Amino acid sequence: MMTAVTASRKSVRKSSGRRRITPEDLLRLHFVCDPQISPDGGTIVFVKKHVGDKNEYVSNLWLVAASGGEPRQFTSSGKDSVPRWSPAGDRIAFVSGRHKPKPQVYTISAGGGEAVALTAFPEGWIGSFKWSPDGKLIAVSFREQDPEWTDEAKKKRKDDGSSDPPRVLDDIWYRLDGDGYFNAQRYHLYLVDVASGNHRKVYTRDALGFFSFDFSPDSKRLVIGTNRDRRALMKDWNDDLLLLEVGTGKLKAIPNLPRGPKDSVCFSPRGDLVAYAGREGGDDVYGTENLELWVCDPVKGRARSLTGGGDYCLLAIALSDVADVVFGPTFRWSPDGGRLYVQLGWHGESHIASIGTGGDRVTFLTSGPIMLQMGNLSTDGKRMALLTSHTAAPDEVAVGEVAPRSIEVRVLTSFNKSLLGERDVAKIQSHWVKVADGTRVQLWVMRPPAFKPGRRYPLILEIHGGPHAQYGVGFFHEFQVLAAAGYVVLFSNPRGSKGYGRDHCAAIRGSWGGADWQDIQAVIEFAKSRPYVNSARLGIMGGSYGGYMTNWAIGHCHDFAAAITDRCVSNLLSMAGSSDFPDRPDHYWPGNPWDRAETRWAQSPIRYFNKVKTPTLVIHSEGDLRCNIEQAEQVFTSLMVRGVPTRFVRYPRSTSHGLSRGGPPDTRLHRLRQILEWWKEYL
């Protein structure tokens with residue numbers, strides 16, 4: 001592990017003469033995800049993406065030997081993803097959108113050859129799929145497109161001059177950011193016969209479409225984690241575990257389970273236990289309480305938490321703008337069913353840990369300033385497919401050699417080595433600050449690669465979204481671009497962040513602008529105290545909740561020469577009814593937005609905009625369904641009316657809340673250039 005002293009000495013060395021990182025480097029980066037190791041442990045299949053010639057992401061399957069060697073491209077349609085080995089290891093199933101608008105599950109021989117479409121679903125979306133252990137079936141979650149909104153229906157309207165139809169809605173759940181408007185359509189579960197391709201619908205009762213599922217080891221049953229409540233979005237914790245008989249379609253609920261969410265269900269190799277991620281109570285999967293690892297008997301229930309004795313959350317996700325961030329828990333059974341391997345975020349790092357089914361202490365098997373994402377295990381459990389990244393390099397494919405007390409990680413690919421070898425990549429240095437009430441907050445400082453001692457630099461404070469997520473030690477292109485442009489970049493995990501225990505996260509529940517603002521103020525004072533920082537040239541920026549805190553900061557202090565608020569929250573009253581996830585009364589916040597609105601209004605940044613003097617760049621997407629663009633419109637209008645220097649960059653309806661990490665490449669470049677232009681003008 002690099003010590004703070006070593007990191008500091010390396011960061012002040014003279015510039016190597018390499019070129020600085022620019023927004024345009026996004027077009028040369030390679031992105032890898034979803035590594036899956038073959039049953040025999042010999043080969044890892046993974047997805048590699050890059051930006052193509054027509055402003056699109058090209059996505060193909062690649063293979064690399066787990067023992068090392070050059071990776072090789074395996075498919076070439078440019079629209080392939082989600083590879084999964086057959087239980088025998090002779091075939092790979094994957095999802096391909098090569099024939100729009102009807103993505104299908106394809107299979108291909110592990111030795112290569114022509115991919116063959118296994119499914120023949122109508123226009124719609126494939127959610128996830130799993131092989132049965134005997135290799136005869138594949139279970140698929142699929143949602144059919146609303147008949148009035150198929151490509152064929154839209155073309156017919158265009159040809160005859162008809163208007164688009166109205167959306168007649170009877171359910172509050174009809175849209176999702178990044179997914180769009182699906183109206184009354186829901187994901188259903190299908191079983192596909194691998195030999196013939198025939199499919200049959202076996203489960204249709206999930207109210208939201210977020211259900212998870214897994215086959216029993218004998219392939220005769222499926223366990224389904226599902227919410228069947230008629231008001232599921234208001235009771236998104238009301239999950240059941242159901243057993244479905246594959247042969248007959250008969251459903252039976254597993255009894256004696258606690259009330260609460262139940263996600264990522266998974267049968268043990270012996271079939272005697274079902275594992276799931278959950279918690280007790282009325283919080284959904286995304287909440288301030290720790291998401292724990294549970295096991296239960298598939299017949300008798302009697303669930304128990306394996307991780308409840310610790311202070312870890314299975315949903316402590318580190319954010320990045322160059323990786324497919326998986327906003328869900330990740331865990332895998334050992335082959336003997338005696339323990340589970342769990343991916344845990346902790347103090348800005350992501351590691352692999354294990355815990356026995358008896359509920360032993362969580363044992364971390366990896367360590368150091370690194371981000372690890374877990375794929376799957378070989379049949380014998382000796383090898384694990386991984387992704388690994390750190391501050392100086394995006395994700396690469398790795399293999400983990402699994403031992404009882406540790407995992408040896410070997411990196412197998414180096415797709416970005418050539419590009420980053422030509423660039424001067426900034427390093428980070430970790431610090432902790434103490435807040436007045438004794439809370440310790442972790443932060444990181446990234447200095448410009450050409451840093452010169454004795455010189456004072458402008459500083460940009462980045463605030464993460466969520467708020468219940470975390471910044472980490474992985475590669476962040478936006479941060480590197482800012483550092484390369486000559487700014488010190490500071491980012492932190494104030495209260496509300498995951499990765500520091502339940503109390504650190506829950507401290508801001510129903511109270512944004514409280515403990516989190518105290519922590520940010522301590523971070524600001526830390527920044528001002530650095531001898532290399534020009535405290536008259538401080539900037540603040542953030543997206544989503546980070547945009548909220550940016551808005552809050554400029555309404556409560558005048559420390560910043562300029563600000564950038566991105567896909568922000570400004571008014572918690574209007575946010576309650578304009579987001580894809582409506583705000584439940586007396587749940588996260590006390591009261592409601594109609595007749596008991598005091599708490600939400602007191603915590604709305606727009607309330608304090610009479611005090612704002614800070615020049616502010618407002619960035620938002622018209623297609624953002626998480627934080628509706630009206631949140632940004634309120635900021636822009638208020639500042640313009642008051643005469644505060646302001647610019648509003650509105651991205652089109654085709655972009656969503658996740659623009660900065662998954663939007664069209666040209667739009668992402670435009671955003672980064674706008675950010676640099678704003679900072680150049682005001683810092």
# chains A, B, ... in the order shown; residues from 1 in each chain; ligands from 1
$ residues_around --residues "A:Phe479" --least-positions-apart "4" --cutoff "9 Å" --atoms "only C-alpha atoms" --output "ChimeraX atom specification"
/A:426,446,462,475,483-484,489-490
$ residues_around --residues "A:Phe74" --least-positions-apart "2" --cutoff "7 Å" --atoms "only C-alpha atoms" --output "mmCIF file with N, CA and C atoms, in the first residue's frame"
data_model
loop_
_atom_site.group_PDB
_atom_site.id
_atom_site.type_symbol
_atom_site.label_atom_id
_atom_site.label_comp_id
_atom_site.auth_asym_id
_atom_site.auth_seq_id
_atom_site.Cartn_x
_atom_site.Cartn_y
_atom_site.Cartn_z
ATOM 1 N N LEU A 61 -17.892 -8.982 -26.962
ATOM 2 C CA LEU A 61 -17.345 -9.935 -26.005
ATOM 3 C C LEU A 61 -15.901 -10.242 -26.360
ATOM 4 N N TRP A 62 -15.079 -10.345 -25.331
ATOM 5 C CA TRP A 62 -13.669 -10.703 -25.477
ATOM 6 C C TRP A 62 -13.364 -11.866 -24.540
ATOM 7 N N LEU A 63 -12.275 -12.578 -24.839
ATOM 8 C CA LEU A 63 -11.796 -13.680 -24.015
ATOM 9 C C LEU A 63 -10.349 -13.434 -23.609
ATOM 10 N N ARG A 72 -8.413 -11.669 -26.647
ATOM 11 C CA ARG A 72 -8.828 -11.685 -28.056
ATOM 12 C C ARG A 72 -10.315 -11.388 -28.174
ATOM 13 N N SER A 76 -18.410 -9.556 -32.731
ATOM 14 C CA SER A 76 -18.079 -8.343 -33.497
ATOM 15 C C SER A 76 -19.287 -7.511 -33.907
#
$ closest_residue --among "A:Ala485, A:Cys505, A:His431, A:Arg28" --to "A:Phe415" --atoms "only C-alpha atoms"
A:Arg28
$ select_by_dssp --residues "stretch 370-533 of chain A" --states "helix (DSSP H, G or I)" --output "PyMOL selection string"
chain A and resi 417-421+477-484+502-506+515-529
$ closest_atom_pairs --of "stretch 445-556 of chain A" --to "stretch 620-635 of chain A" --cutoff "10 Å" --atoms "only C-alpha atoms" --output "JSON lines"
{"residue": "A:Gly543", "atom": "CA", "partner": "A:His620", "partner_atom": "CA", "distance": 9.3}
{"residue": "A:Ser544", "atom": "CA", "partner": "A:Cys627", "partner_atom": "CA", "distance": 7.1}
{"residue": "A:Tyr545", "atom": "CA", "partner": "A:Cys627", "partner_atom": "CA", "distance": 9.4}
{"residue": "A:Gly547", "atom": "CA", "partner": "A:Ala632", "partner_atom": "CA", "distance": 9.5}
{"residue": "A:Tyr548", "atom": "CA", "partner": "A:Gln631", "partner_atom": "CA", "distance": 9.7}
{"residue": "A:Asn551", "atom": "CA", "partner": "A:Val635", "partner_atom": "CA", "distance": 8.2}
$ residues_around --residues "A:Val51" --least-positions-apart "5" --cutoff "8 Å" --atoms "only C-alpha atoms" --output "number ranges by chain"
A: 27-29, 56-58, 665
$ write_last_selection --atoms "C-alpha atoms" --output "compact mmCIF listing (two decimals), in the first residue's frame"
# COMPACT_ATOMS: atom_id res chain seq x y z
CA LEU A 27 -12.80 8.85 -27.17
CA ARG A 28 -9.67 6.70 -26.75
CA LEU A 29 -10.46 5.01 -23.45
CA GLU A 56 -21.82 5.37 -30.37
CA TYR A 57 -20.47 2.85 -27.86
CA VAL A 58 -19.20 -0.31 -29.51
CA PRO A 665 -19.87 10.65 -26.29
$ residues_around --residues "A:Asp146" --least-positions-apart "4" --cutoff "10 Å" --atoms "only C-alpha atoms" --output "number ranges by chain"
A: 123-124, 150, 153, 181-186
$ residues_around --residues "A:Thr616" --least-positions-apart "4" --cutoff "8 Å" --atoms "only C-alpha atoms" --output "PyMOL selection string"
chain A and resi 562-565+644-647
$ write_last_selection --atoms "C-alpha atoms" --output "CSV table (one decimal), in the first residue's frame"
chain,number,residue,atom,x,y,z
A,562,ALA,CA,-17.9,30.2,-8.8
A,563,ALA,CA,-20.1,27.1,-8.8
A,564,ILE,CA,-21.4,24.4,-11.1
A,565,THR,CA,-24.7,22.6,-10.2
A,644,VAL,CA,-26.2,36.7,-10.6
A,645,PRO,CA,-24.0,35.6,-13.5
A,646,THR,CA,-25.5,32.4,-14.7
A,647,ARG,CA,-25.4,30.0,-17.7
$ residues_around --residues "A:Gly662" --least-positions-apart "2" --cutoff "9 Å" --atoms "only C-alpha atoms" --output "ChimeraX atom specification"
/A:321-324,656,658-660,664-665,668
$ select_by_dssp --residues "stretch 81-307 of chain A" --states "strand (DSSP E or B)" --output "VMD selection string"
chain A and resid 81 to 85 91 to 96 104 to 109 116 to 117 124 to 131 137 to 144 175 to 176 180 to 181 188 to 193 199 to 203 212 to 215 221 to 226 238 240 to 245 251 to 253 260 262 to 267 274 to 278 292 to 297 301 to 305
$ closest_residue --among "A:Lys79, A:Arg279, A:Arg84, A:Arg567" --to "A:Ser96" --atoms "only C-alpha atoms"
A:Lys79
$ closest_residue --among "A:Gly421, A:Arg200, A:Pro103, A:Asp160" --to "A:Ala139" --atoms "only C-alpha atoms"
A:Arg200
$ closest_residue --among "A:Ser570, A:Ser320, A:Thr379, A:Ser334" --to "A:Phe267" --atoms "only C-alpha atoms"
A:Ser334
$ residues_around --residues "stretch 360-368 of chain A" --least-positions-apart "4" --cutoff "7 Å" --atoms "only C-alpha atoms" --output "NGL selection string"
:A and (1 or 351-356 or 405-407)
$ closest_residue --among "A:Lys48, A:Arg231, A:Lys54, A:Arg600" --to "A:Ala207" --atoms "only C-alpha atoms"
A:Arg231
$ atom_distance --atom1 "atom CA of A:Asp151" --atom2 "atom CA of A:Phe129"
24.6 Å
$ atom_distance --atom1 "atom CA of A:Ser77" --atom2 "atom CA of A:Val116"
12.5 Å
